[in-house]
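Chemist: Right, I'll just put the structure down here and ask away after.
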Amino acid sequence: MKRAMSAVLSTALLSAGAVAMSAPTASAGVRCDDNPIYTIGDKKTVWEPTNVHSDWARPGVTISYAKNKTGSWSATGTVQLGTEAGVIFAKASTSFSVSVGKTWSKSDTWTYSAKVENKRGKTKGRLMMYHEAKGFSVTKYHLEPNGRQQCVKHKIWKKTGIIAPAKRNNNLWGIQYG
């Protein structure tokens with residue numbers, strides 16, 4: 001009987017100890033994930049001028065452009081992203097379902113022609129290649145304990161006005177007036 005009671009008491013104590021060990025203590029608090037969370041917002045598609053363009057021409061002139069050149073364009077507003085830029089571009093790529101990055105570059109022979117129209121107040125025009133880009137803002141959060149054994153998002157910063165080129169070769173030609 002003594003042995004049976006001892007076994008029951010040991011089991012009860014062990015069970016109570018296991019419960020006590022797994023329950024969080026008030027002083028321990030909740031531990032939140034340390035990894036930052038980035039959200040992408042204010043999304044839009046924009047067309048940014050590249051370095052591929054013809055010479056200027058007067059209104060009424062048809063411009064023909066045929067040149068082997070490397071077209072390129074670099075993201076704007078990214079200085080503020082610092083070392084986090086790569087992670088943010090990856091998150092933006094997922095958000096837009098198209099790969100974006102800090103730069104775009106493509107070597108090709110570009111051949112286009114168009115007529116410079118008469119535009120009020122404009123004395124010249126040139127063929128200009130525009131490249132697809134994505135404009136967005138990014139907000140960085142961290143998870144922090146809220147005192148009720150829960151983790152909540154806490155905003156660290158928000159950066160706006162970021163424009164990054166799409167990695168795909170998607171261009172638009174038009175007349176740029178000056």
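Note on naming: chains are A, B, ... as they come in the structure tokens, residues start from 1 per chain, ligands start from 1 in the order shown.
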Find the spatial neighbours of region 81-87 of chain A, counting only C-alpha atoms, within a cut-off of 12 Å - ignore same-chain residues fewer than 5 positions away - and output them as a CSV table (one decimal) with all heavy atoms, in the first residue's frame.

Modeler:
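Output contents, as saved in out-v5.csv:
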chain,number,residue,atom,x,y,z
A,35,ASN,N,12.8,38.8,-36.4
A,35,ASN,CA,12.9,39.2,-37.8
A,35,ASN,C,11.9,40.3,-38.2
A,35,ASN,O,10.8,40.3,-37.8
A,35,ASN,CB,12.5,38.0,-38.7
A,35,ASN,CG,13.6,36.9,-38.5
A,35,ASN,OD1,14.7,37.1,-38.4
A,35,ASN,ND2,13.1,35.6,-38.5
A,36,PRO,N,12.5,41.3,-38.9
A,36,PRO,CA,11.6,42.4,-39.3
A,36,PRO,C,10.5,42.0,-40.3
A,36,PRO,O,10.7,41.0,-41.0
A,36,PRO,CB,12.6,43.4,-40.0
A,36,PRO,CG,13.7,42.6,-40.4
A,36,PRO,CD,13.8,41.5,-39.4
A,37,ILE,N,9.4,42.7,-40.4
A,37,ILE,CA,8.3,42.4,-41.3
A,37,ILE,C,8.3,43.7,-42.2
A,37,ILE,O,8.2,44.8,-41.7
A,37,ILE,CB,7.0,42.2,-40.6
A,37,ILE,CG1,7.1,41.0,-39.6
A,37,ILE,CG2,5.9,42.1,-41.5
A,37,ILE,CD1,6.0,41.0,-38.6
A,38,TYR,N,8.3,43.4,-43.5
A,38,TYR,CA,8.1,44.5,-44.5
A,38,TYR,C,6.8,44.4,-45.2
A,38,TYR,O,6.4,43.3,-45.7
A,38,TYR,CB,9.3,44.5,-45.5
A,38,TYR,CG,10.6,44.6,-44.9
A,38,TYR,CD1,11.4,43.5,-44.6
A,38,TYR,CD2,11.2,45.9,-44.6
A,38,TYR,CE1,12.7,43.6,-44.1
A,38,TYR,CE2,12.4,46.0,-44.1
A,38,TYR,CZ,13.2,44.9,-43.8
A,38,TYR,OH,14.4,45.0,-43.3
A,39,THR,N,6.1,45.5,-45.4
A,39,THR,CA,4.9,45.5,-46.2
A,39,THR,C,5.0,46.5,-47.3
A,39,THR,O,5.6,47.6,-47.1
A,39,THR,CB,3.6,45.8,-45.3
A,39,THR,OG1,3.8,47.1,-44.8
A,39,THR,CG2,3.4,44.8,-44.2
A,40,ILE,N,4.5,46.2,-48.5
A,40,ILE,CA,4.6,47.0,-49.7
A,40,ILE,C,3.2,47.6,-49.9
A,40,ILE,O,2.2,46.9,-49.9
A,40,ILE,CB,5.0,46.1,-50.9
A,40,ILE,CG1,6.3,45.4,-50.6
A,40,ILE,CG2,5.0,47.0,-52.1
A,40,ILE,CD1,7.5,46.3,-50.4
A,75,ALA,N,17.1,52.4,-60.2
A,75,ALA,CA,16.0,52.7,-59.2
A,75,ALA,C,16.2,54.1,-58.6
A,75,ALA,O,17.4,54.5,-58.4
A,75,ALA,CB,15.9,51.6,-58.2
A,76,THR,N,15.1,54.7,-58.2
A,76,THR,CA,15.2,56.0,-57.5
A,76,THR,C,14.6,55.8,-56.1
A,76,THR,O,13.7,55.0,-55.9
A,76,THR,CB,14.5,57.1,-58.2
A,76,THR,OG1,13.1,56.8,-58.4
A,76,THR,CG2,15.1,57.4,-59.6
A,92,ALA,N,8.9,43.3,-52.8
A,92,ALA,CA,8.2,44.0,-53.8
A,92,ALA,C,7.9,43.1,-55.1
A,92,ALA,O,6.8,43.2,-55.7
A,92,ALA,CB,8.9,45.3,-54.2
A,93,SER,N,8.9,42.3,-55.4
A,93,SER,CA,8.8,41.4,-56.6
A,93,SER,C,7.6,40.5,-56.4
A,93,SER,O,6.8,40.2,-57.3
A,93,SER,CB,10.1,40.6,-56.8
A,93,SER,OG,11.1,41.5,-57.2
A,94,THR,N,7.5,39.9,-55.2
A,94,THR,CA,6.4,39.0,-54.8
A,94,THR,C,5.1,39.8,-54.9
A,94,THR,O,4.1,39.3,-55.4
A,94,THR,CB,6.6,38.4,-53.5
A,94,THR,OG1,7.9,37.7,-53.5
A,94,THR,CG2,5.5,37.5,-53.1
A,99,SER,N,9.6,40.6,-61.3
A,99,SER,CA,10.9,40.8,-60.6
A,99,SER,C,11.3,42.3,-60.8
A,99,SER,O,11.3,42.8,-61.9
A,99,SER,CB,11.9,39.9,-61.2
A,99,SER,OG,13.2,40.1,-60.6
A,100,VAL,N,11.6,42.9,-59.7
A,100,VAL,CA,12.1,44.3,-59.7
A,100,VAL,C,13.4,44.3,-59.0
A,100,VAL,O,13.8,43.4,-58.2
A,100,VAL,CB,11.1,45.3,-59.0
A,100,VAL,CG1,9.8,45.4,-59.7
A,100,VAL,CG2,11.0,45.0,-57.5
A,101,GLY,N,14.2,45.3,-59.3
A,101,GLY,CA,15.5,45.4,-58.7
A,101,GLY,C,16.1,46.8,-58.7
A,101,GLY,O,15.4,47.8,-59.1
A,102,LYS,N,17.4,46.9,-58.4
A,102,LYS,CA,18.0,48.2,-58.3
A,102,LYS,C,18.3,48.8,-59.7
A,102,LYS,O,18.3,50.0,-59.9
A,102,LYS,CB,19.3,48.1,-57.5
A,102,LYS,CG,19.8,49.5,-57.1
A,102,LYS,CD,20.8,49.4,-56.0
A,102,LYS,CE,21.2,50.8,-55.6
A,102,LYS,NZ,21.8,50.9,-54.3
A,103,THR,N,18.6,47.9,-60.7
A,103,THR,CA,18.9,48.4,-62.0
A,103,THR,C,18.3,47.5,-63.1
A,103,THR,O,18.0,46.3,-62.8
A,103,THR,CB,20.5,48.4,-62.3
A,103,THR,OG1,21.0,47.0,-62.1
A,103,THR,CG2,21.2,49.3,-61.3
A,137,SER,N,5.7,52.1,-51.7
A,137,SER,CA,6.2,52.5,-50.4
A,137,SER,C,6.5,51.2,-49.7
A,137,SER,O,5.9,50.2,-50.0
A,137,SER,CB,5.2,53.4,-49.7
A,137,SER,OG,4.0,52.6,-49.4
A,138,VAL,N,7.3,51.3,-48.7
A,138,VAL,CA,7.6,50.1,-47.8
A,138,VAL,C,7.5,50.5,-46.4
A,138,VAL,O,8.0,51.6,-46.0
A,138,VAL,CB,9.0,49.4,-48.2
A,138,VAL,CG1,10.1,50.4,-48.0
A,138,VAL,CG2,9.2,48.2,-47.4
A,139,THR,N,6.9,49.7,-45.5
A,139,THR,CA,6.9,49.9,-44.1
A,139,THR,C,7.5,48.8,-43.4
A,139,THR,O,7.3,47.6,-43.7
A,139,THR,CB,5.4,50.1,-43.6
A,139,THR,OG1,4.8,51.1,-44.4
A,139,THR,CG2,5.3,50.5,-42.2
A,140,LYS,N,8.4,49.1,-42.4
A,140,LYS,CA,9.1,48.1,-41.7
A,140,LYS,C,8.5,48.0,-40.3
A,140,LYS,O,8.3,49.0,-39.6
A,140,LYS,CB,10.6,48.4,-41.6
A,140,LYS,CG,11.4,47.4,-40.8
A,140,LYS,CD,12.9,47.9,-40.7
A,140,LYS,CE,13.7,46.9,-39.9
A,140,LYS,NZ,15.1,47.4,-39.9
A,157,TRP,N,9.5,52.2,-39.4
A,157,TRP,CA,9.6,53.4,-40.3
A,157,TRP,C,8.8,53.1,-41.6
A,157,TRP,O,8.4,51.9,-41.8
A,157,TRP,CB,11.0,53.7,-40.7
A,157,TRP,CG,11.9,52.6,-41.2
A,157,TRP,CD1,13.0,52.1,-40.5
A,157,TRP,CD2,11.9,51.9,-42.4
A,157,TRP,NE1,13.6,51.1,-41.2
A,157,TRP,CE2,13.0,51.0,-42.4
A,157,TRP,CE3,11.1,51.9,-43.6
A,157,TRP,CZ2,13.2,50.1,-43.5
A,157,TRP,CZ3,11.4,51.1,-44.6
A,157,TRP,CH2,12.4,50.2,-44.6
A,158,LYS,N,8.6,54.1,-42.4
A,158,LYS,CA,7.9,54.0,-43.7
A,158,LYS,C,8.7,54.8,-44.7
A,158,LYS,O,8.9,56.0,-44.4
A,158,LYS,CB,6.4,54.4,-43.6
A,158,LYS,CG,5.7,54.3,-45.0
A,158,LYS,CD,4.3,54.7,-44.9
A,158,LYS,CE,3.6,54.4,-46.2
A,158,LYS,NZ,2.1,54.7,-46.2
A,159,LYS,N,9.0,54.3,-45.8
A,159,LYS,CA,9.7,55.0,-46.9
A,159,LYS,C,8.8,55.0,-48.1
A,159,LYS,O,8.2,54.0,-48.5
A,159,LYS,CB,11.0,54.3,-47.3
A,159,LYS,CG,11.9,53.8,-46.1
A,159,LYS,CD,12.6,55.0,-45.5
A,159,LYS,CE,13.5,54.5,-44.4
A,159,LYS,NZ,14.1,55.5,-43.6
A,160,THR,N,8.6,56.2,-48.7
A,160,THR,CA,7.8,56.4,-49.8
A,160,THR,C,8.6,56.9,-51.0
A,160,THR,O,9.7,57.2,-50.9
A,160,THR,CB,6.7,57.5,-49.5
A,160,THR,OG1,7.4,58.7,-49.2
A,160,THR,CG2,5.8,57.1,-48.3
A,161,GLY,N,7.9,56.8,-52.2
A,161,GLY,CA,8.5,57.3,-53.4
A,161,GLY,C,9.6,56.4,-54.0
A,161,GLY,O,10.5,56.9,-54.7
A,162,ILE,N,9.6,55.2,-53.7
A,162,ILE,CA,10.5,54.2,-54.3
A,162,ILE,C,10.1,53.8,-55.7
A,162,ILE,O,8.9,53.4,-55.8
A,162,ILE,CB,10.7,53.0,-53.4
A,162,ILE,CG1,11.2,53.5,-52.0
A,162,ILE,CG2,11.7,52.0,-54.0
A,162,ILE,CD1,11.1,52.4,-50.9
A,163,ILE,N,10.9,53.9,-56.6
A,163,ILE,CA,10.6,53.5,-58.0
A,163,ILE,C,11.7,52.5,-58.5
A,163,ILE,O,12.9,52.9,-58.5
A,163,ILE,CB,10.5,54.7,-59.0
A,163,ILE,CG1,9.4,55.6,-58.5
A,163,ILE,CG2,10.1,54.2,-60.4
A,163,ILE,CD1,9.2,56.9,-59.3
A,164,ALA,N,11.4,51.3,-58.8
A,164,ALA,CA,12.4,50.3,-59.1
A,164,ALA,C,12.0,49.7,-60.5
A,164,ALA,O,10.8,49.4,-60.8
A,164,ALA,CB,12.4,49.2,-58.1

Chemist: May I ask which of the residues A:Asn51, A:Ala133, A:Ser113, A:Gly29 is the closest one to Asn146 (chain A), counting only C-alpha atoms?

Modeler: A:Gly29

Chemist: Which distance in Å separates CA of Ala90 (chain A) and CA of Cys151 (chain A), to one decimal?

Modeler: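 So the two atoms, CA of Ala90 (chain A) and CA of Cys151 (chain A), lie 25.0 Å apart.
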
Chemist: Give me, please, the distance in Å between CA of Gln80 (chain A) and CA of Leu172 (chain A), quoted to one decimal.

Modeler: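 Atom-to-atom, CA of Gln80 (chain A) and CA of Leu172 (chain A) are spaced 28.4 Å apart.
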